[in-house]
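upload-v7.pdb follows; it contains PDB, C-alpha atoms.
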ATOM      1  CA  MET A   1      -4.940  -6.062  33.646
ATOM      2  CA  VAL A   2      -6.620  -9.298  34.702
ATOM      3  CA  ALA A   3      -9.561  -8.766  32.375
ATOM      4  CA  GLN A   4      -7.118  -7.886  29.591
ATOM      5  CA  ASN A   5      -5.255 -11.148  30.166
ATOM      6  CA  ILE A   6      -8.443 -13.210  30.161
ATOM      7  CA  PHE A   7      -9.618 -11.719  26.890
ATOM      8  CA  PHE A   8      -6.128 -11.954  25.384
ATOM      9  CA  TYR A   9      -5.955 -15.704  25.976
ATOM     10  CA  LEU A  10      -9.572 -16.189  24.838
ATOM     11  CA  PHE A  11      -8.971 -14.396  21.535
ATOM     12  CA  ALA A  12      -5.496 -15.876  21.119
ATOM     13  CA  ALA A  13      -6.849 -19.435  21.449
ATOM     14  CA  VAL A  14      -9.548 -18.739  18.838
ATOM     15  CA  MET A  15      -7.009 -17.108  16.517
ATOM     16  CA  VAL A  16      -4.438 -19.907  16.699
ATOM     17  CA  ALA A  17      -7.125 -22.558  16.179
ATOM     18  CA  ALA A  18      -8.580 -20.665  13.211
ATOM     19  CA  ALA A  19      -5.124 -20.043  11.707
ATOM     20  CA  ILE A  20      -4.286 -23.736  11.904
ATOM     21  CA  ALA A  21      -7.677 -24.493  10.345
ATOM     22  CA  VAL A  22      -6.836 -22.120   7.458
ATOM     23  CA  VAL A  23      -3.782 -24.176   6.509
ATOM     24  CA  THR A  24      -5.282 -27.614   7.216
ATOM     25  CA  THR A  25      -8.849 -27.499   5.916
ATOM     26  CA  ARG A  26      -9.574 -29.297   2.658
ATOM     27  CA  ASN A  27     -11.943 -26.633   1.348
ATOM     28  CA  VAL A  28     -10.651 -23.299   0.015
ATOM     29  CA  VAL A  29     -13.890 -21.423   0.813
ATOM     30  CA  ARG A  30     -13.756 -22.659   4.408
ATOM     31  CA  ALA A  31     -10.121 -21.560   4.589
ATOM     32  CA  ALA A  32     -11.230 -18.056   3.571
ATOM     33  CA  LEU A  33     -13.963 -18.023   6.230
ATOM     34  CA  TYR A  34     -11.525 -19.212   8.917
ATOM     35  CA  LEU A  35      -9.172 -16.454   7.787
ATOM     36  CA  ILE A  36     -11.935 -13.915   8.483
ATOM     37  CA  LEU A  37     -12.086 -15.320  12.025
ATOM     38  CA  VAL A  38      -8.318 -14.809  12.382
ATOM     39  CA  PHE A  39      -8.645 -11.205  11.147
ATOM     40  CA  ALA A  40     -11.457 -10.548  13.624
ATOM     41  CA  GLY A  41      -9.235 -11.912  16.402
ATOM     42  CA  VAL A  42      -6.385  -9.657  15.257
ATOM     43  CA  THR A  43      -8.810  -6.721  15.449
ATOM     44  CA  ALA A  44      -9.628  -7.684  19.031
ATOM     45  CA  GLN A  45      -5.907  -7.809  19.862
ATOM     46  CA  TYR A  46      -5.450  -4.318  18.395
ATOM     47  CA  LEU A  47      -8.236  -3.096  20.680
ATOM     48  CA  LEU A  48      -6.506  -4.761  23.641
ATOM     49  CA  LEU A  49      -3.366  -2.853  22.599
ATOM     50  CA  ALA A  50      -5.470   0.352  22.653
ATOM     51  CA  ALA A  51      -4.950   1.035  18.938
ATOM     52  CA  GLU A  52      -8.528   1.661  17.919
ATOM     53  CA  PHE A  53      -7.812   3.388  14.593
ATOM     54  CA  VAL A  54      -5.741   0.456  13.337
ATOM     55  CA  ALA A  55      -8.492  -1.890  14.568
ATOM     56  CA  VAL A  56     -11.160  -0.078  12.549
ATOM     57  CA  THR A  57      -8.846  -0.012   9.521
ATOM     58  CA  GLN A  58      -8.288  -3.741   9.947
ATOM     59  CA  VAL A  59     -12.036  -4.386   9.821
ATOM     60  CA  LEU A  60     -12.536  -2.113   6.805
ATOM     61  CA  ILE A  61      -9.533  -3.242   4.736
ATOM     62  CA  TYR A  62      -8.974  -6.869   5.690
ATOM     63  CA  ILE A  63     -12.448  -8.174   6.514
ATOM     64  CA  GLY A  64     -14.237  -5.762   4.196
ATOM     65  CA  ALA A  65     -12.032  -5.530   1.122
ATOM     66  CA  ILE A  66      -9.279  -8.152   1.051
ATOM     67  CA  MET A  67     -11.487 -11.095   2.015
ATOM     68  CA  VAL A  68     -14.129 -10.135  -0.562
ATOM     69  CA  LEU A  69     -11.337 -10.006  -3.129
ATOM     70  CA  MET A  70     -10.107 -13.430  -1.948
ATOM     71  CA  LEU A  71     -13.592 -14.926  -2.229
ATOM     72  CA  PHE A  72     -13.904 -13.454  -5.728
ATOM     73  CA  GLY A  73     -10.562 -15.013  -6.596
ATOM     74  CA  ILE A  74     -11.726 -18.392  -5.308
ATOM     75  CA  MET A  75     -15.004 -18.059  -7.203
ATOM     76  CA  LEU A  76     -13.286 -17.154 -10.475
ATOM     77  CA  THR A  77     -10.569 -19.814 -10.299
ATOM     78  CA  ARG A  78     -12.551 -22.887  -9.384
ATOM     79  CA  ALA A  79     -15.885 -24.103 -10.588
ATOM     80  CA  LYS A  80     -16.998 -26.604  -7.982
ATOM     81  CA  ILE A  81     -18.063 -26.041  -4.382
ATOM     82  CA  GLY A  82     -16.959 -28.771  -2.025
ATOM     83  CA  ARG A  83     -13.807 -30.641  -1.167
ATOM     84  CA  ASP A  84     -10.700 -29.976  -3.131
ATOM     85  CA  VAL A  85      -8.804 -33.183  -3.546
ATOM     86  CA  ASP A  86      -5.219 -32.122  -3.227
ATOM     87  CA  LEU A  87      -4.442 -28.808  -1.587
ATOM     88  CA  THR A  88      -1.180 -29.861   0.063
ATOM     89  CA  HIS A  89       2.195 -30.662  -1.435
ATOM     90  CA  ASN A  90       3.553 -34.179  -1.021
ATOM     91  CA  TYR A  91       6.531 -32.724   0.865
ATOM     92  CA  TRP A  92       4.419 -30.883   3.456
ATOM     93  CA  HIS A  93       6.497 -32.542   6.223
ATOM     94  CA  VAL A  94       9.413 -30.311   5.245
ATOM     95  CA  GLY A  95       7.209 -27.234   5.603
ATOM     96  CA  LEU A  96       5.923 -28.428   8.971
ATOM     97  CA  GLY A  97       9.475 -29.074  10.178
ATOM     98  CA  THR A  98      10.582 -25.625   9.040
ATOM     99  CA  ALA A  99       7.618 -23.943  10.746
ATOM    100  CA  VAL A 100       8.109 -25.821  14.028
ATOM    101  CA  LEU A 101      11.853 -25.096  14.001
ATOM    102  CA  LEU A 102      11.150 -21.415  13.286
ATOM    103  CA  ALA A 103       8.586 -21.305  16.089
ATOM    104  CA  GLY A 104      11.102 -22.823  18.488
ATOM    105  CA  VAL A 105      13.872 -20.390  17.559
ATOM    106  CA  MET A 106      11.597 -17.337  17.590
ATOM    107  CA  GLY A 107       9.939 -18.396  20.843
ATOM    108  CA  TYR A 108      13.310 -18.900  22.524
ATOM    109  CA  ALA A 109      14.638 -15.583  21.228
ATOM    110  CA  LEU A 110      11.518 -13.665  22.294
ATOM    111  CA  ILE A 111      11.400 -15.178  25.775
ATOM    112  CA  ASP A 112      15.133 -14.624  26.173
ATOM    113  CA  ALA A 113      14.983 -10.991  25.073
ATOM    114  CA  PHE A 114      11.576  -9.800  26.298
ATOM    115  CA  GLY A 115      10.633 -12.428  28.876
ATOM    116  CA  ASP A 116      10.319 -10.016  31.774
ATOM    117  CA  ASP A 117       9.231  -6.898  29.896
ATOM    118  CA  THR A 118       5.820  -5.636  30.831
ATOM    119  CA  MET A 119       3.566  -3.032  29.327
ATOM    120  CA  PRO A 120       4.136   0.399  30.877
ATOM    121  CA  ARG A 121       0.741   0.490  32.571
ATOM    122  CA  ASP A 122      -2.848  -0.451  31.999
ATOM    123  CA  LEU A 123      -3.492   0.225  28.348
ATOM    124  CA  ARG A 124      -6.478   2.460  27.889
ATOM    125  CA  VAL A 125      -7.666   4.067  24.717
ATOM    126  CA  ASP A 126      -7.652   7.592  26.129
ATOM    127  CA  ASP A 127      -4.259   7.721  27.837
ATOM    128  CA  VAL A 128      -1.760   5.909  25.616
ATOM    129  CA  ALA A 129       0.151   8.276  23.395
ATOM    130  CA  GLY A 130       0.014   6.051  20.341
ATOM    131  CA  SER A 131      -3.589   5.097  20.645
ATOM    132  CA  ASN A 132      -5.922   7.816  19.683
ATOM    133  CA  THR A 133      -6.825   8.648  16.140
ATOM    134  CA  ALA A 134      -5.748  12.286  16.372
ATOM    135  CA  THR A 135      -2.191  11.361  17.375
ATOM    136  CA  VAL A 136      -1.939   8.817  14.555
ATOM    137  CA  SER A 137      -3.163  11.311  11.953
ATOM    138  CA  ASP A 138      -0.803  13.993  13.319
ATOM    139  CA  ALA A 139       2.123  11.599  12.876
ATOM    140  CA  ILE A 140       1.047  10.502   9.401
ATOM    141  CA  PHE A 141       0.542  14.032   8.105
ATOM    142  CA  SER A 142       3.716  15.493   9.612
ATOM    143  CA  THR A 143       6.585  13.076  10.313
ATOM    144  CA  TYR A 144       5.502  10.368   7.877
ATOM    145  CA  LEU A 145       4.037  12.565   5.137
ATOM    146  CA  ILE A 146       6.429  11.441   2.390
ATOM    147  CA  PRO A 147       6.021   7.675   3.122
ATOM    148  CA  PHE A 148       2.255   8.279   3.159
ATOM    149  CA  GLU A 149       2.344   9.862  -0.296
ATOM    150  CA  VAL A 150       4.609   7.080  -1.573
ATOM    151  CA  VAL A 151       2.112   4.498  -0.279
ATOM    152  CA  SER A 152      -0.698   6.322  -2.121
ATOM    153  CA  VAL A 153       1.242   6.181  -5.379
ATOM    154  CA  LEU A 154       2.105   2.531  -4.714
ATOM    155  CA  LEU A 155      -1.581   1.675  -4.219
ATOM    156  CA  LEU A 156      -2.529   3.487  -7.431
ATOM    157  CA  ALA A 157       0.233   1.734  -9.388
ATOM    158  CA  ALA A 158      -0.728  -1.653  -7.913
ATOM    159  CA  LEU A 159      -4.413  -1.236  -8.794
ATOM    160  CA  VAL A 160      -3.641  -0.087 -12.350
ATOM    161  CA  GLY A 161      -1.239  -3.001 -12.685
ATOM    162  CA  ALA A 162      -3.821  -5.455 -11.336
ATOM    163  CA  ILE A 163      -6.389  -4.271 -13.892
ATOM    164  CA  VAL A 164      -3.843  -4.509 -16.723
ATOM    165  CA  ILE A 165      -2.785  -8.022 -15.692
ATOM    166  CA  ALA A 166      -6.308  -9.346 -15.145
ATOM    167  CA  ARG A 167      -8.142  -7.896 -18.155
ATOM    168  CA  LYS A 168      -9.063 -10.249 -20.967
ATOM    169  CA  ASP A 169      -8.551  -8.305 -24.186
ATOM    170  CA  ARG A 170      -4.791  -8.030 -24.321
TER     171      ARG A 170
ATOM    172  CA  MET B 171       1.915  -8.582  28.905
ATOM    173  CA  LEU B 172       4.126  -7.623  25.970
ATOM    174  CA  ASN B 173       5.584 -11.069  25.635
ATOM    175  CA  GLN B 174       2.159 -12.646  25.122
ATOM    176  CA  PHE B 175       1.526 -10.500  22.052
ATOM    177  CA  LEU B 176       4.977 -11.234  20.648
ATOM    178  CA  LEU B 177       4.546 -14.988  21.107
ATOM    179  CA  LEU B 178       1.078 -14.864  19.518
ATOM    180  CA  GLY B 179       2.622 -13.027  16.560
ATOM    181  CA  ALA B 180       5.381 -15.644  16.324
ATOM    182  CA  ILE B 181       2.854 -18.517  16.314
ATOM    183  CA  LEU B 182       0.703 -16.878  13.628
ATOM    184  CA  PHE B 183       3.856 -16.176  11.591
ATOM    185  CA  CYS B 184       4.930 -19.817  11.729
ATOM    186  CA  VAL B 185       1.471 -21.065  10.754
ATOM    187  CA  GLY B 186       1.653 -18.699   7.783
ATOM    188  CA  VAL B 187       5.135 -19.974   6.859
ATOM    189  CA  TYR B 188       3.819 -23.544   6.925
ATOM    190  CA  GLY B 189       0.938 -22.508   4.652
ATOM    191  CA  VAL B 190       3.264 -20.834   2.147
ATOM    192  CA  LEU B 191       5.580 -23.849   2.048
ATOM    193  CA  ALA B 192       3.026 -26.657   2.047
ATOM    194  CA  LYS B 193       0.020 -25.440   0.063
ATOM    195  CA  ARG B 194      -0.480 -26.144  -3.632
ATOM    196  CA  SER B 195      -3.324 -23.718  -4.259
ATOM    197  CA  ALA B 196      -2.070 -20.241  -5.181
ATOM    198  CA  VAL B 197      -5.040 -18.598  -3.404
ATOM    199  CA  LEU B 198      -4.207 -20.454  -0.178
ATOM    200  CA  VAL B 199      -0.590 -19.300  -0.429
ATOM    201  CA  LEU B 200      -1.844 -15.702  -0.716
ATOM    202  CA  MET B 201      -4.009 -16.252   2.384
ATOM    203  CA  SER B 202      -0.978 -17.573   4.277
ATOM    204  CA  VAL B 203       0.953 -14.437   3.291
ATOM    205  CA  GLU B 204      -1.877 -12.402   4.805
ATOM    206  CA  LEU B 205      -1.481 -14.413   8.027
ATOM    207  CA  ILE B 206       2.227 -13.537   8.082
ATOM    208  CA  LEU B 207       1.527  -9.831   7.524
ATOM    209  CA  ASN B 208      -1.042  -9.808  10.349
ATOM    210  CA  ALA B 209       1.468 -11.438  12.685
ATOM    211  CA  VAL B 210       3.956  -8.674  11.836
ATOM    212  CA  ASN B 211       1.294  -6.027  12.518
ATOM    213  CA  ILE B 212       0.575  -7.453  15.978
ATOM    214  CA  ASN B 213       4.294  -7.241  16.756
ATOM    215  CA  LEU B 214       4.533  -3.651  15.496
ATOM    216  CA  LEU B 215       1.607  -2.542  17.655
ATOM    217  CA  ALA B 216       2.888  -4.442  20.701
ATOM    218  CA  PHE B 217       6.273  -2.708  20.461
ATOM    219  CA  GLY B 218       4.508   0.616  19.851
ATOM    220  CA  ALA B 219       2.439   0.137  23.001
ATOM    221  CA  LEU B 220       5.606  -0.803  24.920
ATOM    222  CA  ALA B 221       7.343   2.393  23.835
ATOM    223  CA  GLY B 222       4.185   4.474  24.329
ATOM    224  CA  ASP B 223       4.822   5.681  20.787
ATOM    225  CA  VAL B 224       2.652   6.235  17.742
ATOM    226  CA  THR B 225       5.229   4.881  15.277
ATOM    227  CA  GLY B 226       4.064   1.278  15.631
ATOM    228  CA  ALA B 227       0.512   2.163  14.659
ATOM    229  CA  VAL B 228       1.699   4.232  11.674
ATOM    230  CA  PHE B 229       3.875   1.398  10.387
ATOM    231  CA  ALA B 230       1.016  -1.059  10.890
ATOM    232  CA  LEU B 231      -1.179   1.156   8.717
ATOM    233  CA  PHE B 232       1.522   1.212   6.029
ATOM    234  CA  VAL B 233       1.759  -2.570   6.193
ATOM    235  CA  ILE B 234      -2.028  -2.830   5.773
ATOM    236  CA  ALA B 235      -1.876  -0.566   2.696
ATOM    237  CA  VAL B 236       0.955  -2.571   1.138
ATOM    238  CA  ALA B 237      -0.925  -5.802   1.921
ATOM    239  CA  ALA B 238      -3.952  -4.470   0.039
ATOM    240  CA  ALA B 239      -1.742  -3.678  -2.967
ATOM    241  CA  GLU B 240      -0.084  -7.086  -2.720
ATOM    242  CA  VAL B 241      -3.325  -9.032  -2.635
ATOM    243  CA  GLY B 242      -4.722  -7.057  -5.588
ATOM    244  CA  VAL B 243      -1.726  -7.736  -7.833
ATOM    245  CA  GLY B 244      -1.372 -11.292  -6.500
ATOM    246  CA  LEU B 245      -4.958 -12.230  -7.308
ATOM    247  CA  ALA B 246      -4.648 -10.614 -10.738
ATOM    248  CA  ILE B 247      -1.596 -12.802 -11.421
ATOM    249  CA  VAL B 248      -3.463 -15.883 -10.145
ATOM    250  CA  LEU B 249      -6.368 -15.060 -12.475
ATOM    251  CA  ALA B 250      -3.982 -14.641 -15.417
ATOM    252  CA  ILE B 251      -2.357 -18.003 -14.626
ATOM    253  CA  TYR B 252      -5.777 -19.627 -14.338
ATOM    254  CA  ARG B 253      -6.830 -18.193 -17.671
ATOM    255  CA  ASN B 254      -3.751 -19.594 -19.380
ATOM    256  CA  SER B 255      -3.449 -23.022 -17.758
ATOM    257  CA  HIS B 256      -6.942 -23.596 -16.228
ATOM    258  CA  SER B 257      -5.372 -24.456 -12.901
ATOM    259  CA  VAL B 258      -4.180 -22.646  -9.778
ATOM    260  CA  ASP B 259      -2.049 -25.615  -8.736
ATOM    261  CA  LEU B 260       1.447 -24.262  -8.175
ATOM    262  CA  ASN B 261       2.912 -27.574  -9.387
ATOM    263  CA  ASP B 262       1.500 -26.833 -12.834
ATOM    264  CA  VAL B 263       3.261 -23.471 -13.079
ATOM    265  CA  ASP B 264       6.552 -24.821 -14.403
ATOM    266  CA  THR B 265       6.870 -23.118 -17.807
ATOM    267  CA  MET B 266      10.146 -21.465 -16.811
ATOM    268  CA  LYS B 267      11.604 -24.620 -15.282
ATOM    269  CA  GLY B 268      14.984 -25.317 -16.891
TER     270      GLY B 268
END
As structure tokens, what does this structure read like?
Amino acid sequence: MVAQNIFFYLFAAVMVAAAIAVVTTRNVVRAALYLILVFAGVTAQYLLLAAEFVAVTQVLIYIGAIMVLMLFGIMLTRAKIGRDVDLTHNYWHVGLGTAVLLAGVMGYALIDAFGDDTMPRDLRVDDVAGSNTATVSDAIFSTYLIPFEVVSVLLLAALVGAIVIARKDR
Amino acid sequence: MLNQFLLLGAILFCVGVYGVLAKRSAVLVLMSVELILNAVNINLLAFGALAGDVTGAVFALFVIAVAAAEVGVGLAIVLAIYRNSHSVDLNDVDTMKG
């Protein structure tokens, strides 16, 4: 548990710093690269939670696919590489106030409700019920079969829709 | 141990909310939405680990799939906007403003 705590705080510090860098940097490409760092940290947290299948999926989908898509989007929507002059609204103070207020309320609620909850025991990949890939696939293909199929259709519809929206010769 | 993960999720969520509210670039707003979705996933898996249940992981996988769909359609819309107005500045997207 001690080693888990050490690595949790290590990764959490990197993730929070990178997340803040995503929303404060003046360069969109750098924001995307910081976001990859956040995703890698999230993967590490999944591993600490003994959910290795979700962690691998996170690497494949988020770092592998979504970030490449994001970088393509950046490449196609802006010509120059370098500083972007104005990435932030003039009323960003309102957003900051909202976020800080939300953080305060959520932090208070979480500490109030779950302050003394602890994990059942040392989380290890081989002994937590929800952790191993076989259990996850059993659940997906039995209890959650219909949601799984619906998600497949949703993905297909979204990709067809994306191609229709983005193509030039309309 | 659980509370740490929940608080980390809350912090990431709030950073994402700030990004959505304060950023002018449509691509950066999409990135902030991804931050929010990742924060939610951390919470789902933390509660799943607390309950010793597989449901959290399954829902996290569904969220990842929906996020992939969302970012695909979102970037397509951003590209369409860019093609029409040569800008991804959200202040310029005011055609429907009354």
Contacts of region 191-218 of chain B with region 13-16 of chain A up to 12 Å, shortest pair per row, all atoms listed in the file, as CSV:
residue,atom,partner,partner_atom,distance
B:Leu205,CA,A:Met15,CA,10.5
B:Asn208,CA,A:Met15,CA,11.3
B:Ala209,CA,A:Met15,CA,10.9
Next on the checklist: Translate the PyMOL selection byres ((chain B) within 6 of (chain A)) into a concrete residue list for this structure, as a ChimeraX atom specification.
Outcome noted: /B:171-172,184,188-189,191-195,220,222-224,239,243,246,250
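Note that CA of Leu207 (chain B) and CA of Leu176 (chain B) are 13.6 Å apart.
Applied to the file shown here, the PyMOL selection byres ((chain B and resi 258) around 9) selects the residues Thr77 and Arg78 of chain A; Arg194, Ser195, Ala196, Val197, Val248, Leu249, Ile251, Tyr252, Ser255, His256, Ser257, Asp259, Leu260, Asn261, Asp262 and Val263 of chain B.
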Checklist outcome for this item: Shortest contact to Ala180 (chain B), candidates A:Val59, A:Leu145, A:Ala109, A:Val150, atoms counted all atoms listed in the file, goes to A:Ala109
Checklist entry - What does the distance from CA of Leu215 (chain B) to CA of Phe183 (chain B) come to in Å, to one decimal? => result 15.1 Å
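When CA of Asp112 (chain A) is paired with CA of Ala18 (chain A), their separation reads 27.7 Å.
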Item to check | Exercise: residues within 10 Å of coordinate (1.1, -3.1, 4.3), counting only C-alpha atoms, as number ranges by chain | outcome: A: 151; B: 204, 207-208, 210-211, 229-240
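Nearest to Leu214 (chain B) of all the residues B:Val185, B:Val190, B:Gly179, B:Ser202 is B:Gly179, based on all atoms listed in the file.
With only C-alpha atoms as the atoms that count, the minimum distance from Leu47 (chain A) to the choices B:Leu182, B:Ala219, B:Thr225, B:Val187 is reached by B:Ala219.
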To box region 216-222 of chain B, take all atoms listed in the file, fit an axis-aligned box, add 5 Å on each side, and give centre and edge lengths in Å to one decimal, as JSON.
{"center_x": 4.9, "center_y": 0.0, "center_z": 22.4, "size_x": 14.9, "size_y": 18.9, "size_z": 15.1}
